[in-house]
Amino acid sequence: MTAVLAVHDLHVAIGERGRAANVLRGASLEVGAGEVRGLVGESGAGKSMLGRAVLGLLPANAVIGGGTILFEGRDLLAMPEPERRGLLGRRIALIPQDPITSLNPVKRVGAQIAVTLRHHLALSKRAALERATELLAEVAIREPRRVLELYPHEISGGMRQRVLIAMAFACDPGLVIADEPTTALDVTVQRQVLQLVERLRQRHGAAVLFITHDLGVVAKICRTMTVLHAGRVLEEGETADVLARPRHPYTRALLAATPRADRPAEALRPVPPALIESLWSEAHRLDRLDVAGRA
Amino acid sequence: MRWGEIIRRLVLIPPTLFGVCVIVFVLLRVVPGDPIAMMIPPGASPADIDRLRAFYGLDQSILQQFITWLGQALTGNFGRSISLHQNVFELVLARLPATLELSLLATLIATALGVMVALTGVYVRGRRLEWAIDGGIGVFLAIPDFLWALILLLLFGVLIPLLPISGRIDPQLDVAFRTNFYLVESLLTGRLDVALALLQHMILPAVALALPFAALVARLLKASLAEAEDQDYAQIARARGFSRPAILWREVFPNALIPTVALGGVQVTLLLGGTVLVERIFSYEGIGNMAIDAVINRDFPLIQGLILTFAVLFIALNLAVDLLVRLLDPRLRHG
Amino acid sequence: MADLTLSGPIERPSRWLASVARGGTRLWCGGTLVGILFLIALLAPLLAPHDPIEQDLLAAQLPPAWIQGGEWTYPLGTDSLGRCVLSRLMYAARTAVAVALIAASLAAAIGIAFGLIAGMFGGWIDQGVSRLIDVWMAFPPVLLSIVLAAVIGAGLTSVIAAIVVVDWTRFARVVRAETMVQLQRDYAAAARVLGLSRGQILRLEILPNLVPLIVTLLAVEMGIAILVEVILSFVGISVAGDVPTWGGMIVEGRQIVYQSPWIMALPIVSVILSVIGFNLLGDGLRAALDPVQRR
């Protein structure tokens, strides 16, 4: 069966003309239906940019230099804007990183959930609020009706993240992009959030692209994973395989830097860029010049 | 604005008003000109003049005059106008509605205009049109209301005579009003033709007052909109499939409104102060026009009463803005 | 385009040039307008084609030369007494510039003094100054200057006094707030640790940082001073007698506005150009002098 999401040879540069930095340099990735794929890499590897490119959230000064992003077989980059907006929020959803800043501070929680439901599913106001109540109950929020009436600043950070998860799954999406959703939370809340994502994913039948720098999280919930470094995919496969037999020195370094119960963590050992460059086949050679040339 | 801050402001009102009274009083008493000199009929005897002087209390020392005046003012008696021979409080009260209606209309026009310009400006962010809009805002901000009044008078009163340029209502129009809020009253009682006639007279002065204020609203709001649009919640709304205009209006605008009201609301005082000259230019019968007459006639009691009225309006406006901000920002409402 | 590492060292233009560049178009336009105004004011006796108070009753209310009925001896026409409008505008610029320079500097000097004292010493001194500013803010500024000018009596001094007494708070408020901010900064604390006296801190640390702000305010205040002079002339209590002023010309023009609208329009245009000039200059200076681009 075809992949829900297929990113192929994606190039993205950020910056003004003549001084751009290439953040994605031919990244490719697939997420199958119902699959949970971890996307890992250190900060600046381009993993968030990849997620943003799918969601159409690239910064204003970013230029897509080439490649395709197929969602259910259709190219998001080539389709007209209104059609893409019809998919975003309905078929493709986002769980954002920071629950504090991701909710509108002057709107009630209920209204924020309802507006998406009404926009995409053409529900009446009452039906949308009814559905919002069910969704909040699904993410284990007690007294959902009361919470609907509250403003974001009146609920805890963990609760806000659960609201955001409920919003992501509101329209039964085919793909949820989780952009480091646990980074801003403390460890106990983190585990609850991961369990919630897993439960809702199963119930709503969505595939998840889980962006994180935390290999522990990946090991817990992702069946497959992709390792990104400097805008390119270094390694991918079943999570168990990759973690057990990392083929690439960078993955090994990343793994060694992850704290584990049985040994102290080490700092992420820098891998000489030259070593990584040398691993690329002739076809991929130093393309930094021509990507920006296209931009 | 927390409650504590609002209480602090309330406490500061009496001393501020007292300061205003003292300064006005002292200022007017060092005048070299003699207000009595203007009202003496030719051939009045020195005894008559003394009697007049005593009648207005001008023969006492400044301190004594001030204490007398303050004592009476506290009971609502602000003295008698020297030039109009009437109770100051009643005079001001009769004229105040005209100024309030004009200022309110101007504020509404300015807000509508400012919001439209700001939304357009932020929508075309980064394009050349934004540059033009910023420039336009700068020009409209630099030219004050009374110059706009003169320009409008020249354009729509003289060169293309579309609108009346003098007074509050046609002298021929014979309508009785129960209150002095002509516009509000005619709207409430459904006399739309009268309301229209009033609006024709008010529109030029109101627009003159509104233009610089609209530019101020536009500048403040545009900056706040741009800042709010870069926040996560607005970005994420894009990922939920909302169009940019919808996001700007529904997600960004309610947030950007808070700092704009907090900073710009206070500036409505500038608009109120502007009524002095604009009313004069359009011979509109409000307290601003009255104030200039009072200054020209050296009518001390009236000047004092009018300045105090403006001061009370300014302070009330500041408080109203604080309360409005609390209303708009849920974080302060429950804080 | 090249990778960041490949690009050469960034050329650094001189600090002065960089400032002018930051100021941009606004600085240029504002500077030009203000420059022209100052030149006209300075050279009025040389530039003016006629004596500004010389009457030619046979040539009264002539339109500008390019309109039918105009004469090139009176390029901008004549007023109701047959006086040359162009010459009057030029001489009026002298009054405007004189008022602007003197009143703005005096208001600045007084305001800065109050602001610095309040900001440096804090405590009851600051309380006192702040309450004084509160009282001032409760006055309608236009009415206050009219009352003041009426009290003092007609004449240049009275106009200047009216502006200074009303507008010193504009400087005091800003300087007080900024002084407090600067004192909070690390370098002021460092200076105290170094054992510098209050006066030394003021001179070496605070004042240099206040300069951009004050220069900007000063430019804007000059524009305001010109406006106040127009207002006072308009009400009939400005510079007395034969001295031409823009405000006075507007009033005279208003009386015959139906017959010869240009007599009122021309001084209005002069005022607007000057005020826009000072505002642009202020904006441009702020951008040019602020090295950090706080915003």
# chains A, B, ... in the order shown; residues from 1 in each chain; ligands from 1
>>> residues_around(residues="segment 168-176 of chain C", least_positions_apart="5", cutoff="6 Å", atoms="only C-alpha atoms", output="ChimeraX atom specification")
/C:107-108,111-112,114-116,119
>>> write_last_selection(atoms="C-alpha atoms", output="PDB file, in the first residue's frame")
ATOM      1  CA  ALA C 107      11.591  73.012  26.834  1.00  0.00           C
ATOM      2  CA  ALA C 108      14.264  70.352  26.339  1.00  0.00           C
ATOM      3  CA  GLY C 111      12.428  68.799  30.828  1.00  0.00           C
ATOM      4  CA  ILE C 112      15.782  67.014  30.758  1.00  0.00           C
ATOM      5  CA  PHE C 114      13.575  67.494  35.775  1.00  0.00           C
ATOM      6  CA  GLY C 115      13.692  64.055  34.167  1.00  0.00           C
ATOM      7  CA  LEU C 116      17.317  63.431  35.131  1.00  0.00           C
ATOM      8  CA  GLY C 119      15.344  59.422  37.438  1.00  0.00           C
TER       9      GLY C 119
END
>>> closest_atom_pairs(of="chain B", to="chain A", cutoff="9 Å", atoms="only C-alpha atoms", output="Markdown table")
| residue | atom | partner | partner_atom | distance |
| --- | --- | --- | --- | --- |
| B:Gln231 | CA | A:Thr101 | CA | 7.2 |
| B:Asp232 | CA | A:Ser102 | CA | 5.0 |
| B:Tyr233 | CA | A:Ser102 | CA | 4.3 |
| B:Ala234 | CA | A:Asn104 | CA | 7.7 |
| B:Gln235 | CA | A:Leu57 | CA | 7.0 |
| B:Ile236 | CA | A:Ser102 | CA | 7.0 |
| B:Ala237 | CA | A:Gly89 | CA | 8.5 |
| B:Arg238 | CA | A:Leu57 | CA | 7.2 |
| B:Ala239 | CA | A:Leu55 | CA | 5.5 |
| B:Arg240 | CA | A:Gly89 | CA | 3.6 |
| B:Gly241 | CA | A:Arg85 | CA | 4.1 |
| B:Phe242 | CA | A:Arg85 | CA | 6.6 |
| B:Ser243 | CA | A:Arg85 | CA | 7.4 |
| B:Glu251 | CA | A:Asn104 | CA | 6.9 |
| B:Val252 | CA | A:Asn104 | CA | 8.6 |
| B:Pro254 | CA | A:Val106 | CA | 7.0 |
| B:Asn255 | CA | A:Val106 | CA | 6.5 |
| B:Leu328 | CA | A:Val106 | CA | 7.9 |
| B:Asp329 | CA | A:Val106 | CA | 6.3 |
| B:Pro330 | CA | A:Val106 | CA | 5.9 |
| B:Arg331 | CA | A:His153 | CA | 6.8 |
| B:His334 | CA | A:Glu154 | CA | 8.7 |
>>> select_by_dssp(residues="segment 41-278 of chain A", states="strand (DSSP E or B)", output="PyMOL selection string")
chain A and resi 62-71+74-75+88+92-95+175-179+207-212+224-229+232-238+260+263
>>> interface_residues(of="chain B", to="chain C", cutoff="7 Å", atoms="only C-alpha atoms", output="list of chain:residue names")
B:Thr16, B:Gly19, B:Val20, B:Leu28, B:Val31, B:Val139, B:Ala142, B:Ile143, B:Val158, B:Gly273, B:Val276, B:Val295, B:Ile307, B:Phe310, B:Ala311, B:Phe314, B:Ile315
>>> residues_around(residues="segment 124-131 of chain A", least_positions_apart="3", cutoff="10 Å", atoms="only C-alpha atoms", output="PyMOL selection string")
chain A and resi 110-119+121+134-137+145+148+170
>>> residues_around(residues="Ile133 of chain B", least_positions_apart="5", cutoff="9 Å", atoms="only C-alpha atoms", output="mmCIF file with C-alpha atoms, in the first residue's frame")
data_model
loop_
_atom_site.group_PDB
_atom_site.id
_atom_site.type_symbol
_atom_site.label_atom_id
_atom_site.label_comp_id
_atom_site.auth_asym_id
_atom_site.auth_seq_id
_atom_site.Cartn_x
_atom_site.Cartn_y
_atom_site.Cartn_z
ATOM 1 C CA VAL B 117 -5.368 50.595 7.652
ATOM 2 C CA ALA B 118 -3.515 48.490 10.231
ATOM 3 C CA THR B 120 -4.227 46.127 5.375
ATOM 4 C CA GLY B 121 -0.727 47.204 6.350
ATOM 5 C CA ARG B 128 6.239 47.716 -1.302
ATOM 6 C CA GLY B 138 3.559 59.097 9.235
#
>>> residues_around(residues="Ala178 of chain A", least_positions_apart="5", cutoff="12 Å", atoms="only C-alpha atoms", output="PyMOL selection string")
chain A and resi 36-40+47-48+50-52+54-55+92-98+161+164-165+168-169+183+193-194+197-198+201+206-212+218+222
>>> write_last_selection(atoms="C-alpha atoms", output="PDB file, in the first residue's frame")
ATOM      1  CA  VAL A  36       4.636   5.856  13.894  1.00  0.00           C
ATOM      2  CA  ARG A  37       7.950   7.109  12.582  1.00  0.00           C
ATOM      3  CA  GLY A  38      10.490   8.884  14.699  1.00  0.00           C
ATOM      4  CA  LEU A  39      12.484  11.653  13.077  1.00  0.00           C
ATOM      5  CA  VAL A  40      15.624  12.318  15.071  1.00  0.00           C
ATOM      6  CA  LYS A  47      14.039  17.836  11.348  1.00  0.00           C
ATOM      7  CA  SER A  48      11.708  20.630  12.406  1.00  0.00           C
ATOM      8  CA  LEU A  50      10.964  19.088   7.356  1.00  0.00           C
ATOM      9  CA  GLY A  51       7.840  19.031   9.512  1.00  0.00           C
ATOM     10  CA  ARG A  52       7.208  22.698   8.830  1.00  0.00           C
ATOM     11  CA  VAL A  54       4.865  19.526   5.154  1.00  0.00           C
ATOM     12  CA  LEU A  55       2.578  21.855   7.130  1.00  0.00           C
ATOM     13  CA  ILE A  92      -2.764  16.622   8.325  1.00  0.00           C
ATOM     14  CA  ALA A  93      -2.537  17.849  11.892  1.00  0.00           C
ATOM     15  CA  LEU A  94       0.142  19.219  14.190  1.00  0.00           C
ATOM     16  CA  ILE A  95       0.957  18.703  17.819  1.00  0.00           C
ATOM     17  CA  PRO A  96       3.164  21.728  18.557  1.00  0.00           C
ATOM     18  CA  GLN A  97       6.221  21.884  20.747  1.00  0.00           C
ATOM     19  CA  ASP A  98       5.359  24.551  23.299  1.00  0.00           C
ATOM     20  CA  GLN A 161      -0.608  19.965  25.853  1.00  0.00           C
ATOM     21  CA  LEU A 164      -3.466  20.576  21.821  1.00  0.00           C
ATOM     22  CA  ILE A 165      -3.385  16.809  21.283  1.00  0.00           C
ATOM     23  CA  ALA A 168      -4.774  17.606  16.518  1.00  0.00           C
ATOM     24  CA  PHE A 169      -6.986  14.531  16.407  1.00  0.00           C
ATOM     25  CA  THR A 183      10.403  18.708  25.176  1.00  0.00           C
ATOM     26  CA  VAL A 193       1.491  12.626  26.935  1.00  0.00           C
ATOM     27  CA  LEU A 194       3.243   9.820  25.034  1.00  0.00           C
ATOM     28  CA  VAL A 197      -0.638  10.180  21.627  1.00  0.00           C
ATOM     29  CA  GLU A 198      -0.335   6.420  21.237  1.00  0.00           C
ATOM     30  CA  ARG A 201      -3.420   7.414  17.227  1.00  0.00           C
ATOM     31  CA  ALA A 206      -3.615   8.135  12.123  1.00  0.00           C
ATOM     32  CA  ALA A 207      -0.002   7.841  11.139  1.00  0.00           C
ATOM     33  CA  VAL A 208       2.421   9.876  13.240  1.00  0.00           C
ATOM     34  CA  LEU A 209       5.673  11.573  12.324  1.00  0.00           C
ATOM     35  CA  PHE A 210       7.300  12.085  15.710  1.00  0.00           C
ATOM     36  CA  ILE A 211      10.019  14.720  15.596  1.00  0.00           C
ATOM     37  CA  THR A 212      12.366  14.620  18.569  1.00  0.00           C
ATOM     38  CA  VAL A 218      11.641   7.140  19.934  1.00  0.00           C
ATOM     39  CA  CYS A 222       8.126   4.632  17.255  1.00  0.00           C
TER      40      CYS A 222
END
>>> select_by_dssp(residues="segment 256-289 of chain B", states="alpha helix (DSSP H)", output="PyMOL selection string")
chain B and resi 256-264+268-281+287-289
